[in-house]
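Text of data26.tsv, listed as TSV, C-alpha atoms:
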```tsv
chain	number	residue	atom	x	y	z
A	25	ASN	CA	55.66	92.32	30.43
A	26	LEU	CA	54.64	88.97	31.95
A	27	LEU	CA	51.58	90.34	33.75
A	28	GLN	CA	50.32	91.90	30.54
A	29	VAL	CA	50.71	88.80	28.33
A	30	LEU	CA	48.97	86.68	31.00
A	31	ASP	CA	46.15	89.13	31.63
A	32	PRO	CA	42.82	87.26	31.12
A	33	ALA	CA	41.56	90.18	29.03
A	34	ASN	CA	44.39	89.56	26.56
A	35	ASN	CA	43.97	85.79	26.57
A	36	GLU	CA	40.24	85.26	26.09
A	37	ASN	CA	40.64	83.50	22.74
A	38	GLU	CA	43.52	81.33	24.00
A	39	ILE	CA	41.57	80.26	27.11
A	40	PHE	CA	38.44	79.31	25.16
A	41	ASN	CA	40.58	77.43	22.63
A	42	ALA	CA	42.44	75.41	25.26
A	43	LYS	CA	43.71	72.07	23.94
A	44	VAL	CA	44.25	68.59	25.33
A	45	GLY	CA	47.89	67.55	25.46
A	46	ALA	CA	49.29	64.74	23.32
A	47	GLY	CA	50.55	62.83	26.38
A	48	ARG	CA	48.69	60.21	28.39
A	49	SER	CA	47.86	62.60	31.21
A	50	GLY	CA	45.16	64.34	29.15
A	51	SER	CA	46.18	67.74	30.52
A	52	PHE	CA	44.53	70.91	29.27
A	53	PHE	CA	46.74	73.77	28.21
A	54	PHE	CA	46.69	77.11	26.46
A	55	PHE	CA	49.30	79.60	25.28
A	56	SER	CA	49.78	83.16	26.45
A	57	SER	CA	48.71	85.88	24.04
A	58	ASP	CA	52.28	86.30	22.75
A	59	GLY	CA	52.88	82.54	22.45
A	60	ARG	CA	55.93	82.59	24.76
A	61	TYR	CA	54.32	80.80	27.72
A	62	ILE	CA	52.10	77.78	28.36
A	63	ILE	CA	49.65	77.33	31.22
A	64	LYS	CA	48.92	73.65	31.72
A	65	THR	CA	46.94	71.57	34.19
A	66	ILE	CA	48.94	69.03	36.18
A	67	ARG	CA	48.02	66.31	38.64
A	68	LYS	CA	48.63	66.56	42.38
A	69	PHE	CA	51.51	64.07	42.39
A	70	GLU	CA	53.18	66.07	39.61
A	71	LYS	CA	52.78	69.26	41.64
A	72	ASP	CA	54.23	67.52	44.69
A	73	ALA	CA	57.22	66.26	42.70
A	74	ILE	CA	57.95	69.72	41.30
A	75	LEU	CA	57.80	71.35	44.72
A	76	ARG	CA	59.94	68.60	46.23
A	77	TYR	CA	62.81	69.34	43.86
A	78	LEU	CA	62.14	73.02	43.23
A	79	ASN	CA	65.17	74.32	45.16
A	80	GLN	CA	67.50	71.88	43.38
A	81	TYR	CA	65.97	72.82	40.03
A	82	CYS	CA	66.42	76.55	40.58
A	83	LYS	CA	69.99	76.10	41.81
A	84	TYR	CA	70.87	73.90	38.83
A	85	LEU	CA	69.51	76.35	36.26
A	86	THR	CA	71.24	79.25	38.01
A	87	GLN	CA	74.55	77.41	37.72
A	88	ASN	CA	73.86	76.04	34.21
A	89	ARG	CA	72.46	78.88	32.14
A	90	GLU	CA	72.78	76.92	28.89
A	91	SER	CA	70.86	73.91	30.19
A	92	LEU	CA	68.35	72.43	27.75
A	93	LEU	CA	65.82	71.82	30.53
A	94	MET	CA	62.46	73.51	30.13
A	95	ARG	CA	62.00	76.64	32.25
A	96	MET	CA	59.17	76.55	34.78
A	97	TYR	CA	58.01	79.90	36.18
A	98	GLY	CA	55.30	78.97	38.66
A	99	VAL	CA	53.05	76.26	40.09
A	100	TYR	CA	49.59	77.22	41.30
A	101	LYS	CA	46.63	75.77	43.16
A	102	VAL	CA	43.25	77.09	42.01
A	103	ARG	CA	39.94	76.36	43.71
A	104	ASN	CA	36.66	77.34	42.06
A	105	PHE	CA	33.33	78.21	43.65
A	106	LEU	CA	32.42	74.50	43.73
A	107	HIS	CA	35.58	73.88	45.79
A	108	ASN	CA	37.12	71.81	43.00
A	109	THR	CA	40.92	72.06	43.06
A	110	VAL	CA	43.01	72.42	39.91
A	111	TYR	CA	46.81	72.57	39.80
A	112	LEU	CA	48.47	74.65	37.11
A	113	ILE	CA	52.01	75.14	35.88
A	114	LEU	CA	53.34	78.17	34.03
A	115	MET	CA	56.27	77.32	31.77
A	116	GLU	CA	58.07	78.46	28.66
A	117	ASN	CA	56.82	77.44	25.24
A	118	VAL	CA	59.86	75.75	23.71
A	119	HIS	CA	58.07	75.78	20.35
A	120	HIS	CA	57.76	79.55	20.25
A	121	HIS	CA	58.83	80.10	16.65
A	122	PRO	CA	57.15	80.84	13.31
A	123	THR	CA	55.09	77.72	12.56
A	124	ASP	CA	55.21	78.48	8.83
A	125	PHE	CA	58.83	77.31	8.89
A	126	THR	CA	58.11	74.11	10.81
A	127	VAL	CA	58.39	70.82	8.93
A	128	ALA	CA	58.03	68.37	11.83
A	129	ASN	CA	57.95	68.21	15.64
A	130	TYR	CA	59.51	65.25	17.46
A	131	ASP	CA	59.25	64.10	21.07
A	132	LEU	CA	62.18	61.73	21.60
A	133	LYS	CA	62.61	59.41	24.58
A	134	GLY	CA	65.29	57.04	23.26
A	135	SER	CA	62.86	54.13	23.10
A	136	LYS	CA	60.92	52.33	20.36
A	137	TYR	CA	58.17	50.98	22.63
A	138	ARG	CA	54.87	52.62	21.61
A	139	ARG	CA	56.86	55.47	20.10
A	140	PHE	CA	55.14	55.91	16.73
A	141	THR	CA	52.60	58.51	15.64
A	142	LYS	CA	50.33	57.81	12.69
A	143	VAL	CA	50.14	60.70	10.20
A	144	PRO	CA	49.04	61.09	6.56
A	145	SER	CA	51.05	59.34	3.86
A	146	SER	CA	50.82	62.49	1.74
A	147	THR	CA	53.17	64.32	4.11
A	148	GLY	CA	55.96	61.79	3.73
A	149	TYR	CA	56.37	61.62	7.50
A	150	GLY	CA	55.36	58.53	9.48
A	151	SER	CA	53.30	57.25	6.57
A	152	THR	CA	49.79	55.95	7.24
A	153	GLU	CA	46.30	56.81	6.05
A	154	LEU	CA	44.67	56.85	9.49
A	155	SER	CA	45.03	60.56	10.15
A	156	GLU	CA	44.40	63.76	8.24
A	157	VAL	CA	46.27	66.13	10.57
A	158	PRO	CA	49.19	68.06	9.00
A	159	THR	CA	52.59	66.89	10.30
A	160	ARG	CA	53.58	70.29	11.65
A	161	ASN	CA	50.61	70.10	14.05
A	162	VAL	CA	51.38	66.54	15.19
A	163	VAL	CA	53.94	65.45	17.76
A	164	LEU	CA	55.98	62.68	16.13
A	165	LYS	CA	57.98	60.14	18.11
A	166	ASP	CA	61.17	58.07	18.03
A	167	ILE	CA	60.22	55.59	15.30
A	168	ASN	CA	58.95	58.45	13.12
A	169	PHE	CA	62.30	60.16	13.56
A	170	LEU	CA	64.26	57.01	12.66
A	171	GLN	CA	62.11	56.54	9.54
A	172	ASP	CA	62.17	60.19	8.48
A	173	GLU	CA	65.65	61.37	9.46
A	174	GLY	CA	67.65	58.40	10.76
A	175	SER	CA	70.28	60.59	12.41
A	176	LEU	CA	71.49	64.14	12.92
A	177	ILE	CA	74.80	65.53	11.69
A	178	PHE	CA	76.60	68.28	13.66
A	179	GLU	CA	79.89	70.09	13.47
A	180	ASP	CA	82.38	68.70	16.01
A	181	ILE	CA	82.15	71.70	18.34
A	182	THR	CA	78.34	71.73	18.29
A	183	HIS	CA	78.22	67.97	18.79
A	184	SER	CA	80.53	68.17	21.81
A	185	LYS	CA	78.61	71.03	23.44
A	186	LEU	CA	75.25	69.37	22.86
A	187	LEU	CA	76.36	66.05	24.34
A	188	SER	CA	77.89	67.82	27.32
A	189	ARG	CA	74.67	69.71	28.04
A	190	LEU	CA	72.53	66.61	27.65
A	191	GLU	CA	74.77	64.59	29.95
A	192	GLU	CA	74.66	67.29	32.63
A	193	ASP	CA	70.86	67.61	32.39
A	194	ILE	CA	70.35	63.83	32.50
A	195	TYR	CA	72.68	63.53	35.47
A	196	PHE	CA	70.62	66.16	37.30
A	197	LEU	CA	67.30	64.47	36.46
A	198	HIS	CA	68.72	61.09	37.48
A	199	GLY	CA	69.70	62.57	40.84
A	200	THR	CA	66.10	63.67	41.46
A	201	ASN	CA	64.73	60.22	40.48
A	202	ILE	CA	62.76	61.78	37.62
A	203	MET	CA	62.49	59.26	34.78
A	204	ASP	CA	59.82	60.40	32.32
A	205	TYR	CA	61.64	63.02	30.28
A	206	SER	CA	62.27	63.53	26.60
A	207	ILE	CA	63.91	65.79	24.02
A	208	SER	CA	61.77	68.15	21.97
A	209	LEU	CA	63.22	68.41	18.48
A	210	VAL	CA	61.83	70.69	15.76
A	211	LYS	CA	62.79	70.43	12.10
A	212	MET	CA	62.46	73.77	10.32
A	213	ARG	CA	62.95	75.00	6.78
A	214	MET	CA	64.07	78.59	7.05
A	215	PRO	CA	63.53	81.22	4.30
A	216	LYS	CA	66.43	82.18	2.05
A	217	VAL	CA	66.76	85.60	3.70
A	218	TYR	CA	67.80	83.88	6.93
A	219	PHE	CA	70.76	82.22	5.22
A	220	ASP	CA	71.67	85.42	3.43
A	221	LEU	CA	72.04	86.98	6.87
A	222	TYR	CA	73.82	84.11	8.65
A	223	GLY	CA	75.80	82.61	5.80
A	224	SER	CA	74.53	79.00	5.82
A	225	GLN	CA	73.55	77.36	2.53
A	226	ASP	CA	71.44	74.55	4.00
A	227	PRO	CA	67.73	75.49	4.26
A	228	ASN	CA	66.97	72.74	6.82
```

As structure tokens, what does this structure read like?
Amino acid sequence: NLLQVLDPANNENEIFNAKVGAGRSGSFFFFSSDGRYIIKTIRKFEKDAILRYLNQYCKYLTQNRESLLMRMYGVYKVRNFLHNTVYLILMENVHHHPTDFTVANYDLKGSKYRRFTKVPSSTGYGSTELSEVPTRNVVLKDINFLQDEGSLIFEDITHSKLLSRLEEDIYFLHGTNIMDYSISLVKMRMPKVYFDLYGSQDPN
């Protein structure tokens, strides 16, 4: 029940533990009590852009149910007693999965310019000694991915479907003149019981 998981009484801890996003916007965000949704502050021009293309966005997702685009559920304008205005977006949490299985999180833009995150050398990911934050809690970027993984290998059918979905999504975003988008990629190491159920032998 969406109203229940977003009820302030059920989200007191999440609200008081709101975080600052890893992007340049410095947005604040917190997760719903069940971890399925994110409420995030956005700037006015971002709100205007979303509303400008909202009808196209809804139509596209209705016609493309398997799209990889993030799902947005609402955009809100909140004014406090001091008459300060804050814009909020309610969207799905694409990282809603057991974090114990997460090895690394990547935000990929297809560029190497300023696309490196410094993380501890002890993790083996994006080696440097300038940070002490575990890799699973850090958003890594394109150069980290090239150093850590280099490439991804898919079965032919999966590869074809993935490329087709990406091409359709990019074509849609291009048509709306939206440029700043990226792919969220999570590397996970699943427990053996998962592969006993689904038949795969590869734990990654």

Calculate how many Å separate CA of Phe69 in chain A from CA of Asn117 in chain A, rounding to one decimal.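 Pair CA of Phe69 in chain A / CA of Asn117 in chain A returns 22.4 Å.
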
Taking all atoms listed in the file into account, name the residue in A:Leu93, A:Val118, A:Ile74, A:Cys82 that is nearest to Asp193 in chain A. A:Leu93

Within 10 Å of Asn201 in chain A using all atoms listed in the file, minus same-chain residues under 4 positions, as a list of chain:residue names: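 Here the qualifying residues turn out to be A:Ala73, A:Tyr77, A:Tyr195, A:Phe196, A:Leu197.
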
Of A:Ser206, A:Ser91, A:Asn79, A:Thr86, the one sitting nearest Ser135 in chain A when using all atoms listed in the file is A:Ser206

Out of A:His183, A:Arg76, A:Arg89, A:His119, which residue has the shortest atom-to-atom distance to Leu209 in chain A when counting only C-alpha atoms?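 Residue with the minimum atom-to-atom distance to Leu209 in chain A: A:His119.
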
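What separates CA of Leu114 in chain A from CA of Tyr81 in chain A is a distance of 15.0 Å.
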
In Å, how far is it from CA of Thr65 in chain A to CA of Leu78 in chain A?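 If I compute the distance from CA of Thr65 in chain A to CA of Leu78 in chain A, I get 17.7 Å.
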
Using all atoms listed in the file, the shortest atom-to-atom distance to Met115 in chain A among A:Gln80, A:Gln171, A:Ser56, A:Ser208 belongs to A:Ser56

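Among A:Phe54, A:Ile66, A:Ala128, A:Ser184, the residue with the shortest atom-to-atom distance to Val102 in chain A, counting only C-alpha atoms, is A:Ile66.
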
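Restricting the calculation to all atoms listed in the file, the smallest distance between Leu85 in chain A and any of A:Asp58, A:Ser175, A:Glu192, A:Val143 is found for A:Glu192.
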